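This report refers to the structure that appears directly beneath it.
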Amino acid sequence: MEAKIIDGKLLAEDEKEQAAWQSEWLKARNVYPCLAVVLVGDNPASEVYVRGKIRDCTMCGIGSMNIRLPAETTQEELLAKVKELAANKAVHGILVQLPLPAHIDTKAIIDAIPPEKDVDGFSPVNIGRMQIGEPCFVPCTPAACIRMIEATGTEIAGKHAVVLGRSNIVGKPVAMLLVQKDATVTICHSKTRNLKEICASADILVVAVGRAGFVTGDMIKPGAVVIDVGINRGADGKLRGDVDFAAASQKASWITPVPGGVGLMTRATLLRNTLEAARRTVKE
């Protein structure tokens with residue numbers, strides 16, 4: 001059996017088509033959706049991500065502000081910029097690209113973004129609302145993972161889902177979203193015993209550990225749905241996931257590729273969140 005590919009590009013294009021329609025709907029009501037992206041320093045990977053996000057906005061008729069600040073920017077200066085954007089009624093979403101330079105407290109910056117403009121879904125308020133199932137902006141990558149699982153037609157309810165990784169950005173929130181979909185969820189991490197056996201028991205396996213090829217074929221249950229969140233650049237410059245794709249695709253029923261998988265859907269989810277932030281300002 002060879003796994004079917006969960007095509008992130010195809011799914012993201014569908015999301016973008018819907019985003020373009022929603023953007024026009026908002027503009028007809030005199031609401032012009034706008035995302036402000038703040039980049040501090042010149043991290044090459046961050047540069048690529050920001051360009052992609054700005055390009056997506058342009059394609060879908062969403063306005064954007066590309067704010068570039070030098071690496072020497074102080075925490076106080078960055079906080080002042082975030083507060084300025086928070087007060088700007090023309091800005092519906094604020095995204096501060098991570099990672100930030102080491103001298104800046106990332107938590108302090110995230111906390112300064114108003115929950116109603118936190119389209120990355122990282123603020124404590126949005127995370128708390130997500131935990132108890134209230135309306136909120138869900139972190140983009142976890143939301144993308146759920147959409148990609150659902151795109152396979154897999155019924156999540158009742159399945160055993162294993163999440164490999166416990167970060168605040170991916171692992172913990174995607175585990176909570178799976179619980180809300182009535183999966184039975186196991187979270188694995190660096191201290192987990194019998195890791196191979198636990199992963200091999202998963203009907204749905206979500207991997208976000210940041211180690212190229214960490215999950216091997218013998219860690220995959222036959223017929224499992226495998227979501228590979230990892231993006232690792234090898235010595236040859238090529239991108240690879242956290243899963244050994246060649247081996248896993250011989251065991252899984254569905255699998256995401258790297259590149260062309262979760263990353264593209266993450267960006268599309270950011271558009272969805274930005275448009276939702278703008279829609280909330282519409283006076284019906």
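Quick note on naming: the chains in the structure tokens go A, B, ... in the order shown, residues restart at 1 in each chain, and ligands are numbered from 1 in order of appearance.
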Write out as a PyMOL selection string each polymer residue whose atoms come within 10 Å of A:Ile204, counting only C-alpha atoms; drop sequence neighbours fewer than 3 positions from it. chain A and resi 149+154+156+159-163+178+183+185+199-201+207+220-221+223-227+252+254
Generate the output file for the selected residues, N, CA and C atoms, as a PDB file, in the first residue's frame.
```
ATOM      1  N   ILE A 149      -6.384  16.770   8.052  1.00  0.00           N
ATOM      2  CA  ILE A 149      -6.913  15.453   8.443  1.00  0.00           C
ATOM      3  C   ILE A 149      -8.340  15.299   7.914  1.00  0.00           C
ATOM      4  N   THR A 154     -11.308  11.307   6.857  1.00  0.00           N
ATOM      5  CA  THR A 154     -11.139  10.504   8.074  1.00  0.00           C
ATOM      6  C   THR A 154     -12.045  11.024   9.186  1.00  0.00           C
ATOM      7  N   ILE A 156     -12.446  11.725  12.785  1.00  0.00           N
ATOM      8  CA  ILE A 156     -11.516  11.880  13.904  1.00  0.00           C
ATOM      9  C   ILE A 156     -12.076  11.282  15.187  1.00  0.00           C
ATOM     10  N   LYS A 159     -10.921   7.978  17.228  1.00  0.00           N
ATOM     11  CA  LYS A 159      -9.595   7.520  16.806  1.00  0.00           C
ATOM     12  C   LYS A 159      -8.554   7.789  17.900  1.00  0.00           C
ATOM     13  N   HIS A 160      -7.476   7.004  17.875  1.00  0.00           N
ATOM     14  CA  HIS A 160      -6.333   7.277  18.751  1.00  0.00           C
ATOM     15  C   HIS A 160      -5.374   8.184  17.991  1.00  0.00           C
ATOM     16  N   ALA A 161      -5.215   9.405  18.475  1.00  0.00           N
ATOM     17  CA  ALA A 161      -4.313  10.370  17.858  1.00  0.00           C
ATOM     18  C   ALA A 161      -3.084  10.537  18.740  1.00  0.00           C
ATOM     19  N   VAL A 162      -1.914  10.454  18.142  1.00  0.00           N
ATOM     20  CA  VAL A 162      -0.664  10.684  18.859  1.00  0.00           C
ATOM     21  C   VAL A 162      -0.032  11.949  18.315  1.00  0.00           C
ATOM     22  N   VAL A 163       0.294  12.856  19.232  1.00  0.00           N
ATOM     23  CA  VAL A 163       0.972  14.103  18.873  1.00  0.00           C
ATOM     24  C   VAL A 163       2.401  14.013  19.378  1.00  0.00           C
ATOM     25  N   LEU A 178      -7.730  18.145  18.733  1.00  0.00           N
ATOM     26  CA  LEU A 178      -8.092  16.747  18.484  1.00  0.00           C
ATOM     27  C   LEU A 178      -9.009  16.213  19.574  1.00  0.00           C
ATOM     28  N   ALA A 183     -11.250  12.764  19.603  1.00  0.00           N
ATOM     29  CA  ALA A 183     -10.197  11.754  19.512  1.00  0.00           C
ATOM     30  C   ALA A 183      -9.684  11.434  20.917  1.00  0.00           C
ATOM     31  N   VAL A 185      -6.329  11.200  22.772  1.00  0.00           N
ATOM     32  CA  VAL A 185      -5.043  11.804  22.395  1.00  0.00           C
ATOM     33  C   VAL A 185      -3.925  11.451  23.368  1.00  0.00           C
ATOM     34  N   CYS A 199       3.747   5.520  19.026  1.00  0.00           N
ATOM     35  CA  CYS A 199       3.507   6.097  17.692  1.00  0.00           C
ATOM     36  C   CYS A 199       2.874   5.049  16.768  1.00  0.00           C
ATOM     37  N   ALA A 200       3.336   3.815  16.879  1.00  0.00           N
ATOM     38  CA  ALA A 200       2.838   2.741  16.001  1.00  0.00           C
ATOM     39  C   ALA A 200       1.413   2.321  16.339  1.00  0.00           C
ATOM     40  N   SER A 201       0.866   2.869  17.441  1.00  0.00           N
ATOM     41  CA  SER A 201      -0.528   2.562  17.796  1.00  0.00           C
ATOM     42  C   SER A 201      -1.481   3.654  17.311  1.00  0.00           C
ATOM     43  N   VAL A 207       3.301  15.023  13.783  1.00  0.00           N
ATOM     44  CA  VAL A 207       4.707  15.070  14.183  1.00  0.00           C
ATOM     45  C   VAL A 207       5.247  16.492  14.059  1.00  0.00           C
ATOM     46  N   ILE A 220       5.041   3.731  12.230  1.00  0.00           N
ATOM     47  CA  ILE A 220       3.764   4.052  11.595  1.00  0.00           C
ATOM     48  C   ILE A 220       2.842   2.842  11.614  1.00  0.00           C
ATOM     49  N   LYS A 221       1.624   3.039  12.086  1.00  0.00           N
ATOM     50  CA  LYS A 221       0.601   1.987  12.047  1.00  0.00           C
ATOM     51  C   LYS A 221       0.081   1.855  10.615  1.00  0.00           C
ATOM     52  N   GLY A 223      -2.101   2.059   7.624  1.00  0.00           N
ATOM     53  CA  GLY A 223      -3.357   2.765   7.411  1.00  0.00           C
ATOM     54  C   GLY A 223      -3.499   4.067   8.172  1.00  0.00           C
ATOM     55  N   ALA A 224      -2.469   4.475   8.921  1.00  0.00           N
ATOM     56  CA  ALA A 224      -2.551   5.715   9.704  1.00  0.00           C
ATOM     57  C   ALA A 224      -2.542   6.944   8.802  1.00  0.00           C
ATOM     58  N   VAL A 225      -3.102   8.029   9.330  1.00  0.00           N
ATOM     59  CA  VAL A 225      -2.999   9.341   8.690  1.00  0.00           C
ATOM     60  C   VAL A 225      -1.830  10.062   9.346  1.00  0.00           C
ATOM     61  N   VAL A 226      -0.857  10.503   8.554  1.00  0.00           N
ATOM     62  CA  VAL A 226       0.370  11.101   9.083  1.00  0.00           C
ATOM     63  C   VAL A 226       0.463  12.560   8.658  1.00  0.00           C
ATOM     64  N   ILE A 227       0.539  13.443   9.656  1.00  0.00           N
ATOM     65  CA  ILE A 227       0.675  14.882   9.415  1.00  0.00           C
ATOM     66  C   ILE A 227       2.065  15.307   9.865  1.00  0.00           C
ATOM     67  N   ALA A 252       1.410   4.336   5.696  1.00  0.00           N
ATOM     68  CA  ALA A 252       0.275   5.211   5.973  1.00  0.00           C
ATOM     69  C   ALA A 252      -0.779   5.121   4.875  1.00  0.00           C
ATOM     70  N   TRP A 254      -2.691   8.058   4.372  1.00  0.00           N
ATOM     71  CA  TRP A 254      -2.557   9.433   3.903  1.00  0.00           C
ATOM     72  C   TRP A 254      -1.343  10.062   4.589  1.00  0.00           C
TER      73      TRP A 254
END
```
Can you pull out the residues contacting A:Leu35? Cut-off 7 Å, using only C-alpha atoms, and skip same-chain residues under 3 positions away; I want them as an MDAnalysis selection string. chainID A and resid 63:65 91:94 274
What does the file look like for those residues with N, CA, C and O atoms, as a PDB file, in the first residue's frame?
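And here is the file that came out, part-v3.pdb:
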```pdb
ATOM      1  N   GLY A  63      -5.299  43.890   2.280  1.00  0.00           N
ATOM      2  CA  GLY A  63      -4.245  44.884   2.432  1.00  0.00           C
ATOM      3  C   GLY A  63      -3.189  44.401   3.415  1.00  0.00           C
ATOM      4  O   GLY A  63      -3.461  43.573   4.288  1.00  0.00           O
ATOM      5  N   SER A  64      -1.976  44.887   3.268  1.00  0.00           N
ATOM      6  CA  SER A  64      -0.917  44.461   4.179  1.00  0.00           C
ATOM      7  C   SER A  64       0.031  45.609   4.473  1.00  0.00           C
ATOM      8  O   SER A  64       0.198  46.520   3.662  1.00  0.00           O
ATOM      9  N   MET A  65       0.616  45.560   5.651  1.00  0.00           N
ATOM     10  CA  MET A  65       1.663  46.491   6.058  1.00  0.00           C
ATOM     11  C   MET A  65       2.890  45.662   6.408  1.00  0.00           C
ATOM     12  O   MET A  65       2.837  44.818   7.308  1.00  0.00           O
ATOM     13  N   VAL A  91      -6.116  48.539  10.806  1.00  0.00           N
ATOM     14  CA  VAL A  91      -5.399  47.260  10.907  1.00  0.00           C
ATOM     15  C   VAL A  91      -6.273  46.260  11.646  1.00  0.00           C
ATOM     16  O   VAL A  91      -6.702  46.508  12.772  1.00  0.00           O
ATOM     17  N   HIS A  92      -6.541  45.109  11.005  1.00  0.00           N
ATOM     18  CA  HIS A  92      -7.405  44.097  11.618  1.00  0.00           C
ATOM     19  C   HIS A  92      -6.613  42.954  12.240  1.00  0.00           C
ATOM     20  O   HIS A  92      -7.080  42.325  13.192  1.00  0.00           O
ATOM     21  N   GLY A  93      -5.442  42.683  11.700  1.00  0.00           N
ATOM     22  CA  GLY A  93      -4.612  41.609  12.238  1.00  0.00           C
ATOM     23  C   GLY A  93      -3.179  42.073  12.424  1.00  0.00           C
ATOM     24  O   GLY A  93      -2.648  42.823  11.597  1.00  0.00           O
ATOM     25  N   ILE A  94      -2.563  41.628  13.526  1.00  0.00           N
ATOM     26  CA  ILE A  94      -1.159  41.952  13.799  1.00  0.00           C
ATOM     27  C   ILE A  94      -0.394  40.647  13.952  1.00  0.00           C
ATOM     28  O   ILE A  94      -0.773  39.775  14.730  1.00  0.00           O
ATOM     29  N   THR A 274      -7.412  36.537   9.527  1.00  0.00           N
ATOM     30  CA  THR A 274      -7.396  37.976   9.268  1.00  0.00           C
ATOM     31  C   THR A 274      -8.756  38.452   8.776  1.00  0.00           C
ATOM     32  O   THR A 274      -9.265  39.501   9.212  1.00  0.00           O
TER      33      THR A 274
END
```
Name all residues at most 8 Å from stretch 2-8 of chain A (count only C-alpha atoms; drop same-chain ones fewer than 6 positions away) and give them as a ChimeraX atom specification. /A:148,151-152,249-257,260-265
Emit the selected residues as an mmCIF file, in the first residue's frame, including C-alpha atoms.
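Result written to part25.cif:
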```
data_model
loop_
_atom_site.group_PDB
_atom_site.id
_atom_site.type_symbol
_atom_site.label_atom_id
_atom_site.label_comp_id
_atom_site.auth_asym_id
_atom_site.auth_seq_id
_atom_site.Cartn_x
_atom_site.Cartn_y
_atom_site.Cartn_z
ATOM 1 C CA MET A 148 -5.780 18.483 6.425
ATOM 2 C CA ALA A 151 -9.742 16.690 3.995
ATOM 3 C CA THR A 152 -8.950 12.963 3.823
ATOM 4 C CA SER A 249 4.349 6.428 2.703
ATOM 5 C CA GLN A 250 4.563 2.636 2.413
ATOM 6 C CA LYS A 251 2.608 2.209 5.652
ATOM 7 C CA ALA A 252 0.275 5.211 5.973
ATOM 8 C CA SER A 253 -3.051 5.662 4.193
ATOM 9 C CA TRP A 254 -2.557 9.433 3.903
ATOM 10 C CA ILE A 255 0.512 11.610 4.436
ATOM 11 C CA THR A 256 1.508 15.250 4.048
ATOM 12 C CA PRO A 257 4.577 16.068 1.950
ATOM 13 C CA GLY A 260 3.909 21.360 -0.127
ATOM 14 C CA GLY A 261 2.030 20.309 2.975
ATOM 15 C CA VAL A 262 1.221 21.886 6.329
ATOM 16 C CA GLY A 263 3.219 25.070 5.702
ATOM 17 C CA LEU A 264 1.021 26.183 2.823
ATOM 18 C CA MET A 265 -2.155 25.512 4.771
#
```
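Our summary of the geometry notes that atom CA of A:Ala144 is positioned 6.5 Å from atom CA of A:Thr269.
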With only C-alpha atoms as the counted atoms, please give the residues lying no more than 12 Å from stretch 124-131 of chain A, apart from itself and same-chain residues fewer than 3 positions off, as a compact mmCIF listing (two decimals) with all heavy atoms, in the first residue's frame.
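As a result, result-v5.txt now contains:
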```
# COMPACT_ATOMS: atom_id res chain seq x y z
N LYS A 107 7.24 36.67 24.98
CA LYS A 107 5.95 36.62 25.67
C LYS A 107 5.39 38.01 25.88
O LYS A 107 4.18 38.24 25.71
CB LYS A 107 6.09 35.90 27.02
CG LYS A 107 4.77 35.77 27.78
CD LYS A 107 4.95 35.05 29.10
CE LYS A 107 3.61 34.88 29.81
NZ LYS A 107 2.93 36.17 30.08
N ALA A 108 6.24 38.97 26.24
CA ALA A 108 5.77 40.34 26.46
C ALA A 108 5.19 40.94 25.19
O ALA A 108 4.20 41.68 25.22
CB ALA A 108 6.91 41.21 26.98
N ILE A 109 5.80 40.61 24.05
CA ILE A 109 5.31 41.14 22.77
C ILE A 109 3.98 40.50 22.41
O ILE A 109 3.03 41.18 22.01
CB ILE A 109 6.36 40.89 21.66
CG1 ILE A 109 7.70 41.54 22.02
CG2 ILE A 109 5.84 41.42 20.33
CD1 ILE A 109 7.64 43.02 22.33
N ILE A 110 3.89 39.19 22.54
CA ILE A 110 2.64 38.50 22.22
C ILE A 110 1.51 38.99 23.11
O ILE A 110 0.37 39.21 22.67
CB ILE A 110 2.83 36.97 22.35
CG1 ILE A 110 3.74 36.46 21.23
CG2 ILE A 110 1.48 36.24 22.30
CD1 ILE A 110 4.13 35.00 21.36
N ASP A 111 1.82 39.18 24.40
CA ASP A 111 0.80 39.64 25.34
C ASP A 111 0.29 41.03 24.99
O ASP A 111 -0.83 41.40 25.37
CB ASP A 111 1.37 39.66 26.77
CG ASP A 111 1.55 38.25 27.34
OD1 ASP A 111 1.12 37.29 26.67
OD2 ASP A 111 2.12 38.14 28.44
N ALA A 112 1.10 41.82 24.28
CA ALA A 112 0.72 43.19 23.95
C ALA A 112 -0.23 43.27 22.76
O ALA A 112 -0.84 44.31 22.51
CB ALA A 112 1.97 44.03 23.66
N ILE A 113 -0.36 42.17 22.01
CA ILE A 113 -1.26 42.16 20.85
C ILE A 113 -2.69 41.93 21.35
O ILE A 113 -2.95 40.95 22.03
CB ILE A 113 -0.87 41.06 19.86
CG1 ILE A 113 0.57 41.27 19.36
CG2 ILE A 113 -1.84 41.03 18.67
CD1 ILE A 113 1.10 40.14 18.49
N PRO A 114 -3.62 42.82 21.04
CA PRO A 114 -5.01 42.62 21.49
C PRO A 114 -5.56 41.30 20.96
O PRO A 114 -5.31 40.94 19.80
CB PRO A 114 -5.76 43.81 20.88
CG PRO A 114 -4.71 44.80 20.53
CD PRO A 114 -3.47 44.03 20.22
N PRO A 115 -6.30 40.55 21.76
CA PRO A 115 -6.84 39.26 21.31
C PRO A 115 -7.63 39.36 20.01
O PRO A 115 -7.57 38.44 19.19
CB PRO A 115 -7.74 38.83 22.47
CG PRO A 115 -7.18 39.53 23.67
CD PRO A 115 -6.65 40.84 23.17
N GLU A 116 -8.34 40.48 19.81
CA GLU A 116 -9.16 40.63 18.61
C GLU A 116 -8.32 40.88 17.35
O GLU A 116 -8.82 40.81 16.24
CB GLU A 116 -10.18 41.76 18.79
CG GLU A 116 -9.58 43.14 18.94
CD GLU A 116 -9.25 43.52 20.37
OE1 GLU A 116 -9.19 42.60 21.24
OE2 GLU A 116 -9.05 44.72 20.63
N LYS A 117 -7.01 41.16 17.54
CA LYS A 117 -6.11 41.33 16.39
C LYS A 117 -5.02 40.26 16.35
O LYS A 117 -4.15 40.30 15.48
CB LYS A 117 -5.48 42.73 16.42
CG LYS A 117 -6.48 43.87 16.23
CD LYS A 117 -5.80 45.21 16.00
CE LYS A 117 -6.83 46.31 15.78
NZ LYS A 117 -6.21 47.61 15.39
N ASP A 118 -5.09 39.32 17.25
CA ASP A 118 -4.09 38.27 17.37
C ASP A 118 -4.41 37.14 16.39
O ASP A 118 -4.85 36.05 16.78
CB ASP A 118 -4.06 37.75 18.82
CG ASP A 118 -3.22 36.49 18.97
OD1 ASP A 118 -2.17 36.40 18.32
OD2 ASP A 118 -3.66 35.59 19.73
N VAL A 119 -4.17 37.38 15.11
CA VAL A 119 -4.54 36.41 14.08
C VAL A 119 -3.61 35.20 14.04
O VAL A 119 -3.90 34.20 13.38
CB VAL A 119 -4.62 37.08 12.69
CG1 VAL A 119 -5.83 38.03 12.64
CG2 VAL A 119 -3.35 37.84 12.37
N ASP A 120 -2.48 35.26 14.76
CA ASP A 120 -1.62 34.09 14.91
C ASP A 120 -2.17 33.13 15.96
O ASP A 120 -1.78 31.98 16.02
CB ASP A 120 -0.21 34.53 15.33
CG ASP A 120 0.84 34.21 14.27
OD1 ASP A 120 0.52 33.43 13.35
OD2 ASP A 120 1.95 34.72 14.38
N GLY A 121 -3.07 33.64 16.82
CA GLY A 121 -3.69 32.81 17.84
C GLY A 121 -2.78 32.45 18.99
O GLY A 121 -2.98 31.42 19.64
N GLU A 134 -14.38 28.04 23.41
CA GLU A 134 -15.07 29.29 23.06
C GLU A 134 -14.54 29.82 21.73
O GLU A 134 -13.42 29.50 21.31
CB GLU A 134 -14.87 30.34 24.15
CG GLU A 134 -15.62 30.04 25.43
CD GLU A 134 -15.56 31.20 26.40
OE1 GLU A 134 -14.88 32.20 26.13
OE2 GLU A 134 -16.22 31.10 27.47
N PRO A 135 -15.32 30.67 21.03
CA PRO A 135 -14.84 31.26 19.78
C PRO A 135 -13.54 32.03 20.00
O PRO A 135 -13.42 32.76 20.98
CB PRO A 135 -15.99 32.20 19.38
CG PRO A 135 -17.20 31.63 20.04
CD PRO A 135 -16.72 31.06 21.34
N CYS A 136 -12.59 31.83 19.12
CA CYS A 136 -11.28 32.47 19.26
C CYS A 136 -10.52 32.34 17.95
O CYS A 136 -10.99 31.70 17.01
CB CYS A 136 -10.48 31.79 20.38
SG CYS A 136 -10.09 30.06 20.01
N PHE A 137 -9.35 32.97 17.91
CA PHE A 137 -8.44 32.74 16.80
C PHE A 137 -7.55 31.56 17.18
O PHE A 137 -6.75 31.64 18.12
CB PHE A 137 -7.61 33.98 16.51
CG PHE A 137 -8.41 35.10 15.92
CD1 PHE A 137 -8.51 36.33 16.57
CD2 PHE A 137 -9.09 34.94 14.73
CE1 PHE A 137 -9.27 37.36 16.04
CE2 PHE A 137 -9.86 35.96 14.19
CZ PHE A 137 -9.95 37.16 14.85
N VAL A 138 -7.70 30.47 16.47
CA VAL A 138 -6.94 29.26 16.73
C VAL A 138 -5.56 29.40 16.08
O VAL A 138 -5.46 29.90 14.96
CB VAL A 138 -7.67 28.02 16.17
CG1 VAL A 138 -6.83 26.76 16.33
CG2 VAL A 138 -9.02 27.86 16.86
N PRO A 139 -4.47 28.99 16.75
CA PRO A 139 -3.16 29.03 16.11
C PRO A 139 -3.17 28.40 14.73
O PRO A 139 -3.79 27.35 14.53
CB PRO A 139 -2.28 28.25 17.10
CG PRO A 139 -2.94 28.44 18.42
CD PRO A 139 -4.42 28.46 18.12
N CYS A 140 -2.49 29.03 13.80
CA CYS A 140 -2.66 28.68 12.38
C CYS A 140 -2.19 27.27 12.03
O CYS A 140 -2.86 26.55 11.28
CB CYS A 140 -1.93 29.70 11.52
SG CYS A 140 -2.61 31.38 11.65
N PRO A 142 -1.80 24.45 14.04
CA PRO A 142 -2.72 23.41 14.53
C PRO A 142 -4.04 23.36 13.76
O PRO A 142 -4.54 22.28 13.45
CB PRO A 142 -2.94 23.82 16.00
CG PRO A 142 -1.68 24.52 16.37
CD PRO A 142 -1.29 25.29 15.14
N ALA A 143 -4.60 24.54 13.45
CA ALA A 143 -5.84 24.58 12.67
C ALA A 143 -5.63 23.95 11.30
O ALA A 143 -6.49 23.22 10.79
CB ALA A 143 -6.34 26.01 12.52
N ASN A 168 4.17 25.04 22.63
CA ASN A 168 2.98 25.88 22.78
C ASN A 168 2.41 26.30 21.44
O ASN A 168 1.23 26.66 21.34
CB ASN A 168 3.32 27.12 23.60
CG ASN A 168 3.62 26.79 25.05
OD1 ASN A 168 3.10 25.82 25.60
ND2 ASN A 168 4.48 27.57 25.68
N ILE A 169 3.23 26.26 20.40
CA ILE A 169 2.81 26.73 19.08
C ILE A 169 2.08 25.64 18.29
O ILE A 169 1.12 25.91 17.58
CB ILE A 169 4.03 27.24 18.28
CG1 ILE A 169 4.60 28.50 18.96
CG2 ILE A 169 3.67 27.53 16.83
CD1 ILE A 169 5.87 29.01 18.32
N VAL A 170 2.52 24.38 18.43
CA VAL A 170 1.91 23.30 17.64
C VAL A 170 1.40 22.17 18.53
O VAL A 170 0.21 21.86 18.55
CB VAL A 170 2.89 22.73 16.59
CG1 VAL A 170 2.22 21.62 15.79
CG2 VAL A 170 3.39 23.82 15.66
N LYS A 172 0.83 21.28 21.84
CA LYS A 172 -0.25 21.39 22.83
C LYS A 172 -1.58 21.81 22.19
O LYS A 172 -2.62 21.19 22.45
CB LYS A 172 0.15 22.36 23.94
CG LYS A 172 1.27 21.83 24.83
CD LYS A 172 1.67 22.88 25.87
CE LYS A 172 2.84 22.40 26.71
NZ LYS A 172 3.31 23.44 27.65
N PRO A 173 -1.59 22.88 21.36
CA PRO A 173 -2.89 23.25 20.79
C PRO A 173 -3.48 22.23 19.84
O PRO A 173 -4.70 22.03 19.82
CB PRO A 173 -2.61 24.59 20.08
CG PRO A 173 -1.14 24.70 19.97
CD PRO A 173 -0.56 23.90 21.08
N VAL A 174 -2.66 21.54 19.04
CA VAL A 174 -3.24 20.56 18.12
C VAL A 174 -3.80 19.37 18.93
O VAL A 174 -4.83 18.79 18.55
CB VAL A 174 -2.23 20.09 17.05
CG1 VAL A 174 -1.27 19.03 17.57
CG2 VAL A 174 -2.97 19.53 15.83
N ALA A 175 -3.18 19.05 20.05
CA ALA A 175 -3.72 17.98 20.90
C ALA A 175 -5.09 18.37 21.44
O ALA A 175 -6.02 17.55 21.46
CB ALA A 175 -2.75 17.69 22.05
N MET A 176 -5.24 19.64 21.86
CA MET A 176 -6.52 20.09 22.38
C MET A 176 -7.59 20.09 21.29
O MET A 176 -8.74 19.70 21.53
CB MET A 176 -6.37 21.49 22.99
CG MET A 176 -7.65 22.05 23.59
SD MET A 176 -8.48 20.94 24.76
CE MET A 176 -7.18 20.70 25.98
N LEU A 177 -7.22 20.51 20.08
CA LEU A 177 -8.19 20.52 18.99
C LEU A 177 -8.64 19.09 18.67
O LEU A 177 -9.82 18.87 18.36
CB LEU A 177 -7.58 21.18 17.75
CG LEU A 177 -7.31 22.67 17.85
CD1 LEU A 177 -6.58 23.17 16.60
CD2 LEU A 177 -8.59 23.47 18.06
N LEU A 178 -7.73 18.15 18.73
CA LEU A 178 -8.09 16.75 18.48
C LEU A 178 -9.01 16.21 19.57
O LEU A 178 -9.96 15.47 19.30
CB LEU A 178 -6.82 15.89 18.38
CG LEU A 178 -6.02 16.05 17.09
CD1 LEU A 178 -4.61 15.52 17.25
CD2 LEU A 178 -6.73 15.36 15.92
N VAL A 179 -8.75 16.61 20.82
CA VAL A 179 -9.64 16.23 21.92
C VAL A 179 -11.04 16.78 21.66
O VAL A 179 -12.06 16.09 21.86
CB VAL A 179 -9.10 16.75 23.27
CG1 VAL A 179 -10.18 16.64 24.36
CG2 VAL A 179 -7.87 15.96 23.68
N GLN A 180 -11.12 18.03 21.21
CA GLN A 180 -12.43 18.64 20.93
C GLN A 180 -13.15 17.95 19.77
O GLN A 180 -14.38 18.05 19.66
CB GLN A 180 -12.24 20.14 20.65
CG GLN A 180 -11.83 20.92 21.88
CD GLN A 180 -11.49 22.37 21.57
OE1 GLN A 180 -11.53 22.81 20.42
NE2 GLN A 180 -11.13 23.13 22.59
```
